[in-house]
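*Asks:* Below is the file final-v7.pdb, which contains PDB, C-alpha atoms and all ligand atoms.
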MODEL        1
ATOM      1  CA  TYR A 105       0.000   0.000   0.000  1.00  0.00           C
ATOM      2  CA  ASN A 106       1.330   3.340  -0.983  1.00  0.00           C
ATOM      3  CA  PHE A 107       1.003   5.506   2.091  1.00  0.00           C
ATOM      4  CA  PHE A 108       1.807   8.553   0.003  1.00  0.00           C
ATOM      5  CA  GLN A 109      -1.033   7.828  -2.411  1.00  0.00           C
ATOM      6  CA  ASN A 110      -2.815  11.008  -3.451  1.00  0.00           C
ATOM      7  CA  ILE A 111      -0.768  13.160  -1.107  1.00  0.00           C
ATOM      8  CA  PRO A 112       0.282  16.232  -3.094  1.00  0.00           C
ATOM      9  CA  LEU A 113       4.040  16.281  -3.497  1.00  0.00           C
ATOM     10  CA  SER A 114       3.823  19.918  -2.548  1.00  0.00           C
ATOM     11  CA  ASP A 115       2.938  18.707   0.948  1.00  0.00           C
ATOM     12  CA  LEU A 116       6.063  16.586   0.912  1.00  0.00           C
ATOM     13  CA  ASN A 117       8.667  18.705  -0.840  1.00  0.00           C
ATOM     14  CA  GLY A 118       7.049  21.960  -1.790  1.00  0.00           C
ATOM     15  CA  SER A 119       6.424  20.997  -5.462  1.00  0.00           C
ATOM     16  CA  LYS A 120       3.001  21.283  -7.177  1.00  0.00           C
ATOM     17  CA  GLU A 121       3.205  17.740  -8.633  1.00  0.00           C
ATOM     18  CA  THR A 122       1.186  14.829  -7.220  1.00  0.00           C
ATOM     19  CA  LEU A 123       2.150  11.201  -7.078  1.00  0.00           C
ATOM     20  CA  PRO A 124       0.014   8.926  -9.271  1.00  0.00           C
ATOM     21  CA  ARG A 125      -2.369   6.650  -7.450  1.00  0.00           C
ATOM     22  CA  GLU A 126      -1.384   2.992  -7.486  1.00  0.00           C
ATOM     23  CA  PRO A 127      -4.257   1.116  -9.270  1.00  0.00           C
ATOM     24  CA  ARG A 128      -6.001  -1.302  -6.935  1.00  0.00           C
ATOM     25  CA  LEU A 129      -6.280  -3.938  -9.650  1.00  0.00           C
ATOM     26  CA  SER A 130      -3.892  -5.334 -12.227  1.00  0.00           C
ATOM     27  CA  LEU A 131      -5.215  -5.389 -15.788  1.00  0.00           C
ATOM     28  CA  GLY A 132      -5.941  -9.117 -15.446  1.00  0.00           C
ATOM     29  CA  GLU A 133      -7.866  -8.561 -12.218  1.00  0.00           C
ATOM     30  CA  TYR A 134      -9.794  -5.770 -13.921  1.00  0.00           C
ATOM     31  CA  PHE A 135     -10.916  -8.074 -16.764  1.00  0.00           C
ATOM     32  CA  MET A 136     -11.706 -10.910 -14.361  1.00  0.00           C
ATOM     33  CA  ALA A 137     -13.776  -8.419 -12.381  1.00  0.00           C
ATOM     34  CA  PHE A 138     -15.939  -7.946 -15.501  1.00  0.00           C
ATOM     35  CA  ALA A 139     -16.341 -11.713 -15.764  1.00  0.00           C
ATOM     36  CA  ARG A 140     -17.374 -11.833 -12.115  1.00  0.00           C
ATOM     37  CA  LEU A 141     -19.789  -8.978 -12.622  1.00  0.00           C
ATOM     38  CA  ALA A 142     -21.346 -10.815 -15.588  1.00  0.00           C
ATOM     39  CA  ALA A 143     -21.744 -13.914 -13.386  1.00  0.00           C
ATOM     40  CA  GLU A 144     -23.829 -11.823 -10.987  1.00  0.00           C
ATOM     41  CA  MET A 145     -26.478 -11.630 -13.730  1.00  0.00           C
ATOM     42  CA  SER A 146     -26.974 -15.404 -13.867  1.00  0.00           C
ATOM     43  CA  ARG A 147     -30.278 -16.864 -12.695  1.00  0.00           C
ATOM     44  CA  ASP A 148     -28.707 -20.249 -12.035  1.00  0.00           C
ATOM     45  CA  PRO A 149     -29.395 -20.913  -8.342  1.00  0.00           C
ATOM     46  CA  ASN A 150     -26.375 -23.182  -7.974  1.00  0.00           C
ATOM     47  CA  THR A 151     -23.478 -21.986 -10.130  1.00  0.00           C
ATOM     48  CA  GLN A 152     -23.133 -18.548 -11.660  1.00  0.00           C
ATOM     49  CA  VAL A 153     -20.517 -18.267 -14.395  1.00  0.00           C
ATOM     50  CA  GLY A 154     -19.279 -15.138 -16.161  1.00  0.00           C
ATOM     51  CA  ALA A 155     -16.939 -14.669 -19.101  1.00  0.00           C
ATOM     52  CA  CYS A 156     -15.213 -11.648 -20.570  1.00  0.00           C
ATOM     53  CA  ILE A 157     -13.363 -11.678 -23.910  1.00  0.00           C
ATOM     54  CA  VAL A 158     -10.466  -9.289 -24.386  1.00  0.00           C
ATOM     55  CA  LYS A 159      -8.838  -8.289 -27.664  1.00  0.00           C
ATOM     56  CA  ASP A 160      -5.803  -5.996 -27.719  1.00  0.00           C
ATOM     57  CA  GLY A 161      -6.534  -4.852 -24.172  1.00  0.00           C
ATOM     58  CA  LYS A 162     -10.204  -4.076 -24.855  1.00  0.00           C
ATOM     59  CA  ILE A 163     -13.331  -5.949 -23.825  1.00  0.00           C
ATOM     60  CA  VAL A 164     -15.138  -7.244 -26.915  1.00  0.00           C
ATOM     61  CA  GLY A 165     -17.743  -9.490 -25.291  1.00  0.00           C
ATOM     62  CA  THR A 166     -19.191 -10.628 -22.002  1.00  0.00           C
ATOM     63  CA  GLY A 167     -21.661 -13.357 -21.107  1.00  0.00           C
ATOM     64  CA  TYR A 168     -23.091 -15.441 -18.305  1.00  0.00           C
ATOM     65  CA  ASN A 169     -24.896 -18.767 -18.053  1.00  0.00           C
ATOM     66  CA  ALA A 170     -28.507 -18.214 -18.995  1.00  0.00           C
ATOM     67  CA  MET A 171     -31.432 -19.923 -20.634  1.00  0.00           C
ATOM     68  CA  PRO A 172     -31.805 -19.283 -24.384  1.00  0.00           C
ATOM     69  CA  ASN A 173     -33.395 -15.945 -25.278  1.00  0.00           C
ATOM     70  CA  GLY A 174     -37.158 -15.987 -24.781  1.00  0.00           C
ATOM     71  CA  CYS A 175     -37.101 -19.237 -22.769  1.00  0.00           C
ATOM     72  CA  THR A 176     -38.349 -18.302 -19.338  1.00  0.00           C
ATOM     73  CA  ASP A 177     -40.107 -21.476 -18.257  1.00  0.00           C
ATOM     74  CA  LEU A 178     -37.238 -23.928 -18.304  1.00  0.00           C
ATOM     75  CA  PRO A 179     -36.126 -25.734 -15.132  1.00  0.00           C
ATOM     76  CA  TRP A 180     -32.992 -24.779 -13.163  1.00  0.00           C
ATOM     77  CA  SER A 181     -32.749 -28.070 -11.278  1.00  0.00           C
ATOM     78  CA  ASN A 182     -29.434 -29.885 -11.384  1.00  0.00           C
ATOM     79  CA  ASP A 183     -30.603 -33.132  -9.807  1.00  0.00           C
ATOM     80  CA  ASN A 184     -34.095 -33.936 -11.074  1.00  0.00           C
ATOM     81  CA  PRO A 185     -34.114 -37.627 -12.079  1.00  0.00           C
ATOM     82  CA  ASP A 186     -35.963 -36.613 -15.258  1.00  0.00           C
ATOM     83  CA  TRP A 187     -33.329 -35.308 -17.721  1.00  0.00           C
ATOM     84  CA  LEU A 188     -35.894 -32.991 -19.314  1.00  0.00           C
ATOM     85  CA  GLN A 189     -36.454 -31.344 -15.935  1.00  0.00           C
ATOM     86  CA  LYS A 190     -32.742 -30.529 -15.497  1.00  0.00           C
ATOM     87  CA  LYS A 191     -31.094 -27.318 -16.679  1.00  0.00           C
ATOM     88  CA  TYR A 192     -28.244 -29.032 -18.524  1.00  0.00           C
ATOM     89  CA  ALA A 193     -30.277 -29.693 -21.671  1.00  0.00           C
ATOM     90  CA  TYR A 194     -31.131 -26.026 -22.031  1.00  0.00           C
ATOM     91  CA  VAL A 195     -28.690 -23.619 -20.411  1.00  0.00           C
ATOM     92  CA  CYS A 196     -26.332 -21.590 -22.609  1.00  0.00           C
ATOM     93  CA  HIS A 197     -22.909 -21.456 -21.016  1.00  0.00           C
ATOM     94  CA  ALA A 198     -21.218 -18.172 -20.195  1.00  0.00           C
ATOM     95  CA  GLU A 199     -18.468 -18.776 -22.768  1.00  0.00           C
ATOM     96  CA  LEU A 200     -20.994 -19.387 -25.559  1.00  0.00           C
ATOM     97  CA  ASN A 201     -22.913 -16.241 -24.656  1.00  0.00           C
ATOM     98  CA  ALA A 202     -19.733 -14.144 -24.500  1.00  0.00           C
ATOM     99  CA  ILE A 203     -18.696 -15.418 -27.936  1.00  0.00           C
ATOM    100  CA  VAL A 204     -22.073 -14.884 -29.590  1.00  0.00           C
ATOM    101  CA  ASN A 205     -22.425 -11.458 -27.923  1.00  0.00           C
ATOM    102  CA  LYS A 206     -19.052 -10.266 -29.231  1.00  0.00           C
ATOM    103  CA  PHE A 207     -18.968  -6.913 -30.954  1.00  0.00           C
ATOM    104  CA  SER A 208     -15.696  -7.471 -32.783  1.00  0.00           C
ATOM    105  CA  ALA A 209     -15.514  -9.166 -36.173  1.00  0.00           C
ATOM    106  CA  ASP A 210     -14.026 -12.270 -34.606  1.00  0.00           C
ATOM    107  CA  VAL A 211     -12.316 -13.450 -31.433  1.00  0.00           C
ATOM    108  CA  LYS A 212      -9.114 -14.801 -32.984  1.00  0.00           C
ATOM    109  CA  GLY A 213      -6.135 -14.335 -30.693  1.00  0.00           C
ATOM    110  CA  CYS A 214      -8.343 -13.081 -27.842  1.00  0.00           C
ATOM    111  CA  THR A 215      -8.055 -13.888 -24.151  1.00  0.00           C
ATOM    112  CA  MET A 216     -11.135 -15.189 -22.382  1.00  0.00           C
ATOM    113  CA  TYR A 217     -11.458 -14.447 -18.656  1.00  0.00           C
ATOM    114  CA  VAL A 218     -13.912 -16.908 -17.162  1.00  0.00           C
ATOM    115  CA  THR A 219     -14.938 -17.574 -13.584  1.00  0.00           C
ATOM    116  CA  LEU A 220     -15.164 -21.364 -14.042  1.00  0.00           C
ATOM    117  CA  PHE A 221     -12.884 -23.597 -16.070  1.00  0.00           C
ATOM    118  CA  PRO A 222     -14.622 -24.209 -19.436  1.00  0.00           C
ATOM    119  CA  CYS A 223     -16.343 -27.545 -20.020  1.00  0.00           C
ATOM    120  CA  ASN A 224     -15.567 -29.736 -23.055  1.00  0.00           C
ATOM    121  CA  GLU A 225     -18.300 -28.131 -25.186  1.00  0.00           C
ATOM    122  CA  CYS A 226     -17.018 -24.650 -24.404  1.00  0.00           C
ATOM    123  CA  ALA A 227     -13.444 -25.808 -25.045  1.00  0.00           C
ATOM    124  CA  LYS A 228     -14.498 -26.795 -28.588  1.00  0.00           C
ATOM    125  CA  LEU A 229     -16.022 -23.344 -29.114  1.00  0.00           C
ATOM    126  CA  ILE A 230     -12.921 -21.638 -27.740  1.00  0.00           C
ATOM    127  CA  ILE A 231     -10.647 -23.617 -30.033  1.00  0.00           C
ATOM    128  CA  GLN A 232     -12.799 -23.263 -33.143  1.00  0.00           C
ATOM    129  CA  THR A 233     -13.175 -19.509 -32.744  1.00  0.00           C
ATOM    130  CA  GLY A 234      -9.432 -19.043 -32.298  1.00  0.00           C
ATOM    131  CA  ILE A 235      -9.339 -17.783 -28.717  1.00  0.00           C
ATOM    132  CA  ALA A 236      -5.665 -17.994 -27.767  1.00  0.00           C
ATOM    133  CA  LYS A 237      -5.734 -17.841 -23.984  1.00  0.00           C
ATOM    134  CA  VAL A 238      -8.100 -18.728 -21.144  1.00  0.00           C
ATOM    135  CA  VAL A 239      -7.710 -17.217 -17.690  1.00  0.00           C
ATOM    136  CA  TYR A 240      -9.902 -18.881 -15.101  1.00  0.00           C
ATOM    137  CA  LEU A 241     -10.759 -18.383 -11.475  1.00  0.00           C
ATOM    138  CA  SER A 242     -12.283 -21.642 -10.277  1.00  0.00           C
ATOM    139  CA  ASP A 243     -11.729 -25.230 -11.334  1.00  0.00           C
ATOM    140  CA  LYS A 244     -14.262 -26.764  -8.978  1.00  0.00           C
ATOM    141  CA  TYR A 245     -15.199 -29.523 -11.435  1.00  0.00           C
ATOM    142  CA  HIS A 246     -11.625 -30.549 -12.231  1.00  0.00           C
ATOM    143  CA  ASP A 247     -12.410 -34.183 -11.323  1.00  0.00           C
ATOM    144  CA  LYS A 248     -15.186 -34.468 -13.907  1.00  0.00           C
ATOM    145  CA  ASP A 249     -14.507 -36.143 -17.246  1.00  0.00           C
ATOM    146  CA  GLU A 250     -15.866 -33.094 -19.115  1.00  0.00           C
ATOM    147  CA  MET A 251     -13.117 -30.983 -17.606  1.00  0.00           C
ATOM    148  CA  LYS A 252     -10.446 -33.601 -18.272  1.00  0.00           C
ATOM    149  CA  ALA A 253     -11.553 -33.756 -21.933  1.00  0.00           C
ATOM    150  CA  SER A 254     -11.629 -29.967 -22.039  1.00  0.00           C
ATOM    151  CA  LYS A 255      -8.067 -29.693 -20.712  1.00  0.00           C
ATOM    152  CA  ALA A 256      -6.831 -32.348 -23.129  1.00  0.00           C
ATOM    153  CA  MET A 257      -8.333 -30.465 -26.108  1.00  0.00           C
ATOM    154  CA  LEU A 258      -7.247 -27.010 -24.998  1.00  0.00           C
ATOM    155  CA  LYS A 259      -3.698 -28.204 -24.352  1.00  0.00           C
ATOM    156  CA  GLU A 260      -3.416 -30.031 -27.664  1.00  0.00           C
ATOM    157  CA  ALA A 261      -4.806 -26.990 -29.505  1.00  0.00           C
ATOM    158  CA  LYS A 262      -2.163 -24.910 -27.665  1.00  0.00           C
ATOM    159  CA  VAL A 263      -4.660 -22.599 -26.013  1.00  0.00           C
ATOM    160  CA  GLU A 264      -2.747 -21.011 -23.143  1.00  0.00           C
ATOM    161  CA  LEU A 265      -4.353 -21.747 -19.780  1.00  0.00           C
ATOM    162  CA  ARG A 266      -3.763 -19.529 -16.804  1.00  0.00           C
ATOM    163  CA  TYR A 267      -5.193 -19.961 -13.336  1.00  0.00           C
ATOM    164  CA  THR A 268      -5.593 -16.717 -11.470  1.00  0.00           C
ATOM    165  CA  ALA A 269      -5.717 -16.584  -7.704  1.00  0.00           C
ATOM    166  CA  ASN A 270      -8.869 -15.092  -6.325  1.00  0.00           C
ATOM    167  CA  LYS A 271      -7.469 -11.745  -5.342  1.00  0.00           C
ATOM    168  CA  LEU A 272     -10.760 -10.077  -5.723  1.00  0.00           C
ATOM    169  CA  PHE A 273     -12.578  -6.965  -6.509  1.00  0.00           C
ATOM    170  CA  LEU A 274     -15.213  -8.032  -4.032  1.00  0.00           C
ATOM    171  CA  PHE A 275     -14.582  -4.897  -2.065  1.00  0.00           C
ATOM    172  CA  CYS A 276     -16.974  -3.391  -4.635  1.00  0.00           C
ATOM    173  CA  PHE A 277     -19.799  -5.636  -3.524  1.00  0.00           C
ATOM    174  CA  ILE A 278     -22.323  -5.057  -0.842  1.00  0.00           C
ATOM    175  CA  HIS A 279     -24.191  -8.101   0.235  1.00  0.00           C
ATOM    176  CA  SER A 280     -27.594  -7.874   1.862  1.00  0.00           C
ATOM    177  CA  PHE A 281     -29.511 -10.190   4.116  1.00  0.00           C
ATOM    178  CA  SER A 282     -32.560 -10.009   6.270  1.00  0.00           C
ATOM    179  CA  VAL A 283     -32.607  -9.789  10.077  1.00  0.00           C
ATOM    180  CA  ASN A 284     -36.039  -9.821  11.724  1.00  0.00           C
ATOM    181  CA  GLY A 285     -37.576  -8.611   8.497  1.00  0.00           C
ATOM    182  CA  ASN A 286     -35.090  -5.739   8.131  1.00  0.00           C
ATOM    183  CA  ARG A 287     -32.634  -5.614   5.264  1.00  0.00           C
ATOM    184  CA  VAL A 288     -29.047  -5.387   6.485  1.00  0.00           C
ATOM    185  CA  PHE A 289     -26.237  -4.393   4.149  1.00  0.00           C
ATOM    186  CA  GLN A 290     -22.730  -5.640   4.685  1.00  0.00           C
ATOM    187  CA  ALA A 291     -19.617  -4.915   2.659  1.00  0.00           C
ATOM    188  CA  ILE A 292     -17.831  -8.058   1.586  1.00  0.00           C
ATOM    189  CA  PRO A 293     -14.240  -7.523   2.670  1.00  0.00           C
ATOM    190  CA  GLU A 294     -11.416  -7.340   0.194  1.00  0.00           C
ATOM    191  CA  GLY A 295      -9.680 -10.676  -0.198  1.00  0.00           C
ATOM    192  CA  THR A 296     -12.720 -12.769   0.686  1.00  0.00           C
ATOM    193  CA  SER A 297     -12.082 -16.121  -0.904  1.00  0.00           C
ATOM    194  CA  VAL A 298     -14.346 -17.750  -3.440  1.00  0.00           C
ATOM    195  CA  LYS A 299     -15.757 -21.119  -2.441  1.00  0.00           C
ATOM    196  CA  ASN A 300     -14.470 -24.099  -4.342  1.00  0.00           C
ATOM    197  CA  CYS A 301     -11.374 -22.482  -5.804  1.00  0.00           C
ATOM    198  CA  VAL A 302      -8.603 -24.999  -6.086  1.00  0.00           C
ATOM    199  CA  LYS A 303      -4.878 -24.676  -6.434  1.00  0.00           C
ATOM    200  CA  ASP A 304      -3.500 -24.140  -9.905  1.00  0.00           C
ATOM    201  CA  PRO A 305      -3.345 -27.600 -11.495  1.00  0.00           C
ATOM    202  CA  HIS A 306      -0.965 -26.381 -14.227  1.00  0.00           C
TER     203      HIS A 306
HETATM  204  O1  LIG B 401     -17.993 -24.155 -18.933  1.00  0.00           O
HETATM  205  C1  LIG B 401     -19.059 -23.983 -18.307  1.00  0.00           C
HETATM  206  C2  LIG B 401     -19.599 -24.969 -17.488  1.00  0.00           C
HETATM  207  C3  LIG B 401     -20.796 -24.753 -16.873  1.00  0.00           C
HETATM  208  N1  LIG B 401     -21.459 -23.584 -17.049  1.00  0.00           N
HETATM  209  C4  LIG B 401     -22.745 -23.379 -16.371  1.00  0.00           C
HETATM  210  C5  LIG B 401     -23.836 -24.324 -16.735  1.00  0.00           C
HETATM  211  C6  LIG B 401     -24.689 -24.376 -15.498  1.00  0.00           C
HETATM  212  O2  LIG B 401     -25.614 -23.290 -15.537  1.00  0.00           O
HETATM  213  C7  LIG B 401     -23.681 -24.153 -14.386  1.00  0.00           C
HETATM  214  C8  LIG B 401     -23.240 -25.447 -13.731  1.00  0.00           C
HETATM  215  O3  LIG B 401     -24.239 -25.857 -12.859  1.00  0.00           O
HETATM  216  P1  LIG B 401     -23.982 -26.899 -11.667  1.00  0.00           P
HETATM  217  O4  LIG B 401     -25.248 -26.876 -10.845  1.00  0.00           O
HETATM  218  O5  LIG B 401     -22.784 -26.417 -10.895  1.00  0.00           O
HETATM  219  O6  LIG B 401     -23.734 -28.233 -12.296  1.00  0.00           O
HETATM  220  O7  LIG B 401     -22.548 -23.558 -14.983  1.00  0.00           O
HETATM  221  C9  LIG B 401     -20.929 -22.594 -17.834  1.00  0.00           C
HETATM  222  O8  LIG B 401     -21.516 -21.501 -17.986  1.00  0.00           O
HETATM  223  N2  LIG B 401     -19.736 -22.817 -18.432  1.00  0.00           N
ENDMDL
END
Show me this structure written as structure tokens.
Ligand SMILES: O=c1ccn([C@H]2C[C@H](O)[C@@H](COP(=O)(O)O)O2)c(=O)[nH]1
*Replies:*
Amino acid sequence: YNFFQNIPLSDLNGSKETLPREPRLSLGEYFMAFARLAAEMSRDPNTQVGACIVKDGKIVGTGYNAMPNGCTDLPWSNDNPDWLQKKYAYVCHAELNAIVNKFSADVKGCTMYVTLFPCNECAKLIIQTGIAKVVYLSDKYHDKDEMKASKAMLKEAKVELRYTANKLFLFCFIHSFSVNGNRVFQAIPEGTSVKNCVKDPH
């Protein structure tokens, strides 16, 4: 922490200059923050995923896991014994939505920041659209075959994979809960860890 942050140099040595403020986030943390913000929009009650695509240092697409446009009556269950009553048949993954929402001509050579390691279907999309690098926050399903297949494909296709520790921008978030019918707001402290994050497997 720069204790001299924002203190006019004039106060220190008589000059009119000021010291620049040290940014609170690195560029990577800034882009991951957009992915995390996108995840906040998800209606999935169990896992919210956000993705942010960056080209030449600029955001060219964001997305979160959501039901297809216009489909509001589909189930969000993840454990209904009836496959048709489970979300998996219907939900569009965050990566897919970020790619189809892009406002650049293409996503070749881009970096995708994503809050959950991409599944095998998303890995295919990432490879086929030419995304060069994936930065991810959580790998909570690393034991699942989908993730193993995803890693195998992404590695063979030479998509760079980078785990990022969850140094967070959560200091921006206020979380609210109810106490005796009253809404209480609480700031989520900086550095709060994300559940289910695992150590970098790479
Ligand atoms: O690469 C991925 C993998 C999964 N998702 C979405 C799909 C679902 O909405 C949730 C996973 O739900 P669980 O209840 O944790 O099984 O995450 C995605 O967007 N991208």
*Asks:* Could you check the closest approach to A:Lys228 for each of A:Ser242, A:Asp249, A:Leu258, A:Val204 and tell me which residue wins, using all atoms listed in the file?
*Replies:*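 Smallest distance to A:Lys228 is found for A:Leu258.
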*Asks:* Quick one: apply the PyMOL selection byres (((chain A and resi 219-225) around 9) and not hetatm) to the file and drop the selected residues here as a PDB file with C-alpha atoms, in the coordinates of the input.
*Replies:*
ATOM      1  CA  MET A 136     -11.706 -10.910 -14.361  1.00  0.00           C
ATOM      2  CA  ALA A 139     -16.341 -11.713 -15.764  1.00  0.00           C
ATOM      3  CA  ARG A 140     -17.374 -11.833 -12.115  1.00  0.00           C
ATOM      4  CA  ALA A 143     -21.744 -13.914 -13.386  1.00  0.00           C
ATOM      5  CA  GLN A 152     -23.133 -18.548 -11.660  1.00  0.00           C
ATOM      6  CA  VAL A 153     -20.517 -18.267 -14.395  1.00  0.00           C
ATOM      7  CA  GLY A 154     -19.279 -15.138 -16.161  1.00  0.00           C
ATOM      8  CA  ALA A 155     -16.939 -14.669 -19.101  1.00  0.00           C
ATOM      9  CA  HIS A 197     -22.909 -21.456 -21.016  1.00  0.00           C
ATOM     10  CA  ALA A 198     -21.218 -18.172 -20.195  1.00  0.00           C
ATOM     11  CA  GLU A 199     -18.468 -18.776 -22.768  1.00  0.00           C
ATOM     12  CA  TYR A 217     -11.458 -14.447 -18.656  1.00  0.00           C
ATOM     13  CA  VAL A 218     -13.912 -16.908 -17.162  1.00  0.00           C
ATOM     14  CA  CYS A 226     -17.018 -24.650 -24.404  1.00  0.00           C
ATOM     15  CA  ALA A 227     -13.444 -25.808 -25.045  1.00  0.00           C
ATOM     16  CA  LYS A 228     -14.498 -26.795 -28.588  1.00  0.00           C
ATOM     17  CA  LEU A 229     -16.022 -23.344 -29.114  1.00  0.00           C
ATOM     18  CA  ILE A 230     -12.921 -21.638 -27.740  1.00  0.00           C
ATOM     19  CA  VAL A 238      -8.100 -18.728 -21.144  1.00  0.00           C
ATOM     20  CA  VAL A 239      -7.710 -17.217 -17.690  1.00  0.00           C
ATOM     21  CA  TYR A 240      -9.902 -18.881 -15.101  1.00  0.00           C
ATOM     22  CA  LEU A 241     -10.759 -18.383 -11.475  1.00  0.00           C
ATOM     23  CA  SER A 242     -12.283 -21.642 -10.277  1.00  0.00           C
ATOM     24  CA  ASP A 243     -11.729 -25.230 -11.334  1.00  0.00           C
ATOM     25  CA  LYS A 244     -14.262 -26.764  -8.978  1.00  0.00           C
ATOM     26  CA  TYR A 245     -15.199 -29.523 -11.435  1.00  0.00           C
ATOM     27  CA  HIS A 246     -11.625 -30.549 -12.231  1.00  0.00           C
ATOM     28  CA  ASP A 249     -14.507 -36.143 -17.246  1.00  0.00           C
ATOM     29  CA  GLU A 250     -15.866 -33.094 -19.115  1.00  0.00           C
ATOM     30  CA  MET A 251     -13.117 -30.983 -17.606  1.00  0.00           C
ATOM     31  CA  LYS A 252     -10.446 -33.601 -18.272  1.00  0.00           C
ATOM     32  CA  ALA A 253     -11.553 -33.756 -21.933  1.00  0.00           C
ATOM     33  CA  SER A 254     -11.629 -29.967 -22.039  1.00  0.00           C
ATOM     34  CA  LYS A 255      -8.067 -29.693 -20.712  1.00  0.00           C
ATOM     35  CA  MET A 257      -8.333 -30.465 -26.108  1.00  0.00           C
ATOM     36  CA  LEU A 258      -7.247 -27.010 -24.998  1.00  0.00           C
ATOM     37  CA  TYR A 267      -5.193 -19.961 -13.336  1.00  0.00           C
TER      38      TYR A 267
END
*Asks:* My list of candidates is A:Asn284, A:Thr268, A:Asn184, A:Ser146. Which is closest to A:Gly167 when distances are computed with all atoms listed in the file?
*Replies:*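 Ranked by minimum distance to A:Gly167, first place goes to A:Ser146.
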*Asks:* My list of candidates is A:Asn182, A:Thr166, A:Asn173, A:Thr122. Which is closest to ligand LIG 401 (chain B) when distances are computed with all atoms listed in the file?
*Replies:* A:Asn182
*Asks:* Quick one: distance from atom CA of A:Glu133 to atom CA of A:Cys156 in Å, one decimal?
*Replies:*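 Computing it gives 11.5 Å between the two atoms.
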*Asks:* In the coordinates of the file, take the point (-3.2, -19.8, -24.5) and a cut-off of 7 Å; then, counting only C-alpha atoms, name each qualifying protein, DNA or RNA residue as a ChimeraX atom specification.
*Replies:* /A:236-238,262-265
*Asks:* Looking at A:Cys196, A:Leu178, A:Ala261, A:Leu131, which one is nearest to ligand LIG 401 (chain B), with distances taken over only C-alpha atoms and all ligand atoms?
*Replies:*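 Using only C-alpha atoms and all ligand atoms, ligand LIG 401 (chain B) sits closest to A:Cys196.
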*Asks:* Can you tell me how far atom CA of A:Tyr168 sits from atom CA of A:Asn205, in Å to one decimal?
*Replies:*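 Separating atom CA of A:Tyr168 from atom CA of A:Asn205 is a distance of 10.4 Å.
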